[in-house]
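Chemist: Attaching a single structure in structure tokens format; questions to follow.
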Amino acid sequence: MKLIIRSVGVVGAGVAIAIPDWNQLRELPGSYGFFARDPYETAFQSLMFESVKDLRRVPGRNMIRFFHDEGDDFERLHVAFKEFKNKNPKIAKYVGGFESLDDKVHAPLQAADLIANSARLMASEWVQTRKNISLSLLRECIPRVQVWDRTLLLELLERHKRKAKRRGDIP
């Protein structure tokens with residue numbers, strides 16, 4: 001898999017969410033809009049945020065565009081993309097758009113699908129067994145991967161609450 005990914009020049013970043021933890025914490029009073037409608041949208045928005053953070057480290061005036069296959073969920077994700085940009089105007093300055101492409105024609109999208117499916121399997125195994133071998137294999141193919149288990153989700157939620165308080169969004 002690593003050779004295929006390297007041959008098309010795709011660099012992977014990923015978010016794997018422990019769904020039982022996500023569902024439980026999403027229902028807590030006081031999550032203050034931290035969680036999107038579903039975990040996929042939450043991961044998608046996180047990846048957009050992290051991608052722009054990485055982009056801003058590159059010298060010059062740069063922008064980024066996001067691509068997704070032409071699947072049934074494109075429209076839903078396009079709405080999530082627009083919501084993300086509206087909620088994050090500083091980030092939005094660096095985002096050029098969100099487009100759909102035929103993944104059967106574009107090799108980078110095929111590689112991204114391979115990465116995503118492999119990552120899902122390895123992260124799922126790690127969440128179930130907590131054996132670091134799965135996480136190590138995952139990180140060999142995807143250098144930047146976060147596994148959002150209960151501990152990390154609580155940490156992210158607390159950060160979100162502190163920012164919301166500073167902005168005056170919550171008392």
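Residues are named by chain letter and number: chains run A, B, ... in the order of the structure tokens, numbers start at 1 in each chain, and ligands are numbered from 1 in the order shown.
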Find the spatial neighbours of A:Ser124, counting only C-alpha atoms, within a cut-off of 10 Å - ignore same-chain residues fewer than 2 positions away - and output them as a ChimeraX atom specification.
Modeler: /A:16-19,118-122,126-130,134-135,147
Chemist: What parts of stretch 12-169 of chain A does DSSP call alpha helix (DSSP H)? I'd like the answer as an MDAnalysis selection string.
Modeler: chainID A and resid 19:26 39:56 74:87 89:92 107:129 132:141 150:167
Chemist: Give me a file of those residues, with C-alpha atoms, as a compact mmCIF listing (two decimals), in the first residue's frame.
Modeler:
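Just written: out34.txt:
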# COMPACT_ATOMS: atom_id res chain seq x y z
CA ILE A 19 -17.93 6.01 17.52
CA PRO A 20 -19.27 4.77 20.90
CA ASP A 21 -17.25 7.49 22.67
CA TRP A 22 -18.30 10.12 20.12
CA ASN A 23 -22.00 9.24 20.47
CA GLN A 24 -21.84 9.30 24.26
CA LEU A 25 -20.02 12.64 24.49
CA ARG A 26 -22.12 14.27 21.78
CA PRO A 39 -18.74 11.74 13.03
CA TYR A 40 -17.75 11.81 9.37
CA GLU A 41 -18.53 15.53 9.19
CA THR A 42 -16.61 16.10 12.43
CA ALA A 43 -13.56 14.32 11.00
CA PHE A 44 -13.95 16.14 7.67
CA GLN A 45 -14.01 19.55 9.36
CA SER A 46 -11.02 18.63 11.51
CA LEU A 47 -9.04 17.60 8.43
CA MET A 48 -9.88 20.89 6.71
CA PHE A 49 -8.70 22.80 9.78
CA GLU A 50 -5.45 20.82 10.06
CA SER A 51 -4.79 21.10 6.29
CA VAL A 52 -5.04 24.88 6.43
CA LYS A 53 -2.78 24.95 9.51
CA ASP A 54 -0.19 22.97 7.52
CA LEU A 55 -0.64 25.21 4.47
CA ARG A 56 -0.01 28.35 6.51
CA PHE A 74 -21.02 14.92 -1.70
CA GLU A 75 -23.92 17.38 -1.34
CA ARG A 76 -24.14 16.82 2.42
CA LEU A 77 -20.39 17.35 2.77
CA HIS A 78 -20.56 20.44 0.58
CA VAL A 79 -23.06 21.91 3.05
CA ALA A 80 -20.72 20.98 5.93
CA PHE A 81 -17.86 22.61 4.00
CA LYS A 82 -19.79 25.88 3.63
CA GLU A 83 -20.83 25.81 7.30
CA PHE A 84 -17.21 25.27 8.32
CA LYS A 85 -16.06 28.24 6.24
CA ASN A 86 -18.79 30.46 7.71
CA LYS A 87 -17.85 29.49 11.28
CA PRO A 89 -13.57 33.11 8.60
CA LYS A 90 -9.82 33.23 9.33
CA ILE A 91 -9.43 29.73 7.89
CA ALA A 92 -11.82 30.45 4.99
CA ALA A 107 -5.57 8.24 -9.38
CA PRO A 108 -5.07 10.51 -6.33
CA LEU A 109 -8.71 9.94 -5.35
CA GLN A 110 -8.26 6.19 -5.81
CA ALA A 111 -5.23 6.36 -3.53
CA ALA A 112 -7.20 8.44 -1.02
CA ASP A 113 -9.93 5.77 -1.01
CA LEU A 114 -7.29 3.09 -0.41
CA ILE A 115 -5.84 5.14 2.44
CA ALA A 116 -9.25 5.78 3.98
CA ASN A 117 -10.37 2.15 3.83
CA SER A 118 -7.08 0.85 5.20
CA ALA A 119 -7.05 3.51 7.89
CA ARG A 120 -10.60 2.65 8.91
CA LEU A 121 -9.70 -1.03 9.31
CA MET A 122 -6.49 -0.37 11.24
CA ALA A 123 -8.05 2.28 13.48
CA SER A 124 -11.04 0.04 14.16
CA GLU A 125 -8.69 -2.76 15.18
CA TRP A 126 -6.80 -0.38 17.47
CA VAL A 127 -10.00 0.90 19.11
CA GLN A 128 -11.12 -2.69 19.77
CA THR A 129 -7.81 -4.17 20.90
CA ASN A 132 -0.23 -0.37 19.13
CA ILE A 133 0.85 -2.51 16.18
CA SER A 134 -2.29 -1.41 14.28
CA LEU A 135 -1.66 2.22 15.09
CA SER A 136 2.00 1.90 14.08
CA LEU A 137 1.05 0.37 10.72
CA LEU A 138 -1.50 3.10 10.19
CA ARG A 139 1.03 5.83 10.91
CA GLU A 140 3.51 4.29 8.44
CA CYS A 141 1.03 4.99 5.65
CA ARG A 150 -12.83 9.29 24.84
CA THR A 151 -9.70 10.88 26.30
CA LEU A 152 -8.90 12.97 23.23
CA LEU A 153 -12.56 13.85 22.61
CA LEU A 154 -12.87 15.19 26.16
CA GLU A 155 -9.67 17.19 25.72
CA LEU A 156 -10.90 18.66 22.42
CA LEU A 157 -14.29 19.45 23.94
CA GLU A 158 -12.66 21.28 26.86
CA ARG A 159 -10.52 23.34 24.45
CA HIS A 160 -13.65 24.19 22.47
CA LYS A 161 -15.46 25.29 25.67
CA ARG A 162 -12.55 27.54 26.72
CA LYS A 163 -12.51 29.22 23.28
CA ALA A 164 -16.29 29.64 23.34
CA LYS A 165 -16.06 31.29 26.78
CA ARG A 166 -13.32 33.67 25.60
CA ARG A 167 -15.51 34.65 22.63
Chemist: Write out as a list of chain:residue names all residues of stretch 20-170 of chain A that backbone DSSP assigns to strand (DSSP E).
Modeler: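 Here is the list: A:Ile64, A:Arg65, A:Phe66, A:Phe67, A:His68, A:Asp69, A:Val95, A:Gly96, A:Gly97, A:Phe98, A:Glu99, A:Ser100, A:Leu101, A:Arg144, A:Val145, A:Gln146, A:Val147, A:Trp148.
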Chemist: Take the residues from that selection and put them in a file with N, CA and C atoms, as a PDB file, in the first residue's frame.
Modeler:
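File written: result15.pdb
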ATOM      1  N   ILE A  64      -5.868  26.359  -0.626  1.00  0.00           N
ATOM      2  CA  ILE A  64      -6.075  24.920  -0.748  1.00  0.00           C
ATOM      3  C   ILE A  64      -7.493  24.662  -1.258  1.00  0.00           C
ATOM      4  N   ARG A  65      -7.627  23.622  -2.073  1.00  0.00           N
ATOM      5  CA  ARG A  65      -8.941  23.150  -2.524  1.00  0.00           C
ATOM      6  C   ARG A  65      -9.091  21.725  -2.048  1.00  0.00           C
ATOM      7  N   PHE A  66     -10.317  21.360  -1.780  1.00  0.00           N
ATOM      8  CA  PHE A  66     -10.619  20.007  -1.328  1.00  0.00           C
ATOM      9  C   PHE A  66     -11.432  19.295  -2.396  1.00  0.00           C
ATOM     10  N   PHE A  67     -11.180  17.992  -2.522  1.00  0.00           N
ATOM     11  CA  PHE A  67     -11.875  17.172  -3.506  1.00  0.00           C
ATOM     12  C   PHE A  67     -12.473  15.958  -2.818  1.00  0.00           C
ATOM     13  N   HIS A  68     -13.593  15.509  -3.358  1.00  0.00           N
ATOM     14  CA  HIS A  68     -14.273  14.323  -2.844  1.00  0.00           C
ATOM     15  C   HIS A  68     -14.834  13.579  -4.039  1.00  0.00           C
ATOM     16  N   ASP A  69     -15.021  12.283  -3.891  1.00  0.00           N
ATOM     17  CA  ASP A  69     -15.599  11.547  -5.019  1.00  0.00           C
ATOM     18  C   ASP A  69     -17.061  11.964  -5.220  1.00  0.00           C
ATOM     19  N   VAL A  95      -9.053  28.843   1.830  1.00  0.00           N
ATOM     20  CA  VAL A  95      -9.752  27.723   1.219  1.00  0.00           C
ATOM     21  C   VAL A  95     -10.362  28.151  -0.109  1.00  0.00           C
ATOM     22  N   GLY A  96      -9.962  27.455  -1.185  1.00  0.00           N
ATOM     23  CA  GLY A  96     -10.418  27.808  -2.517  1.00  0.00           C
ATOM     24  C   GLY A  96     -11.713  27.157  -2.931  1.00  0.00           C
ATOM     25  N   GLY A  97     -12.029  26.011  -2.431  1.00  0.00           N
ATOM     26  CA  GLY A  97     -13.266  25.370  -2.824  1.00  0.00           C
ATOM     27  C   GLY A  97     -13.313  23.909  -2.448  1.00  0.00           C
ATOM     28  N   PHE A  98     -14.453  23.318  -2.761  1.00  0.00           N
ATOM     29  CA  PHE A  98     -14.704  21.905  -2.496  1.00  0.00           C
ATOM     30  C   PHE A  98     -15.404  21.360  -3.727  1.00  0.00           C
ATOM     31  N   GLU A  99     -14.771  20.413  -4.403  1.00  0.00           N
ATOM     32  CA  GLU A  99     -15.286  19.936  -5.685  1.00  0.00           C
ATOM     33  C   GLU A  99     -15.388  18.421  -5.696  1.00  0.00           C
ATOM     34  N   SER A 100     -16.246  17.937  -6.574  1.00  0.00           N
ATOM     35  CA  SER A 100     -16.359  16.485  -6.734  1.00  0.00           C
ATOM     36  C   SER A 100     -15.641  16.060  -8.017  1.00  0.00           C
ATOM     37  N   LEU A 101     -15.022  14.906  -7.951  1.00  0.00           N
ATOM     38  CA  LEU A 101     -14.343  14.314  -9.106  1.00  0.00           C
ATOM     39  C   LEU A 101     -14.702  12.843  -9.185  1.00  0.00           C
ATOM     40  N   ARG A 144       0.222  11.654   9.586  1.00  0.00           N
ATOM     41  CA  ARG A 144      -0.539  12.462  10.540  1.00  0.00           C
ATOM     42  C   ARG A 144      -1.910  11.840  10.732  1.00  0.00           C
ATOM     43  N   VAL A 145      -2.039  11.052  11.747  1.00  0.00           N
ATOM     44  CA  VAL A 145      -3.334  10.454  12.045  1.00  0.00           C
ATOM     45  C   VAL A 145      -3.639  10.682  13.521  1.00  0.00           C
ATOM     46  N   GLN A 146      -4.871  11.056  13.784  1.00  0.00           N
ATOM     47  CA  GLN A 146      -5.331  11.213  15.155  1.00  0.00           C
ATOM     48  C   GLN A 146      -6.398  10.162  15.401  1.00  0.00           C
ATOM     49  N   VAL A 147      -6.349   9.555  16.553  1.00  0.00           N
ATOM     50  CA  VAL A 147      -7.398   8.631  16.957  1.00  0.00           C
ATOM     51  C   VAL A 147      -8.161   9.317  18.079  1.00  0.00           C
ATOM     52  N   TRP A 148      -9.401   9.652  17.772  1.00  0.00           N
ATOM     53  CA  TRP A 148     -10.236  10.355  18.730  1.00  0.00           C
ATOM     54  C   TRP A 148     -10.987   9.349  19.595  1.00  0.00           C
TER      55      TRP A 148
END
Chemist: Could you jot down the atom CA of A:Asn88 to atom CA of A:Asp73 separation for me, Å, one decimal place?
Modeler: 22.2 Å
Chemist: Which residue out of A:Ser31, A:Arg57, A:Gly168, A:Asp102 has the minimum interatomic distance to A:Glu70 when only C-alpha atoms are used?
Modeler: A:Asp102
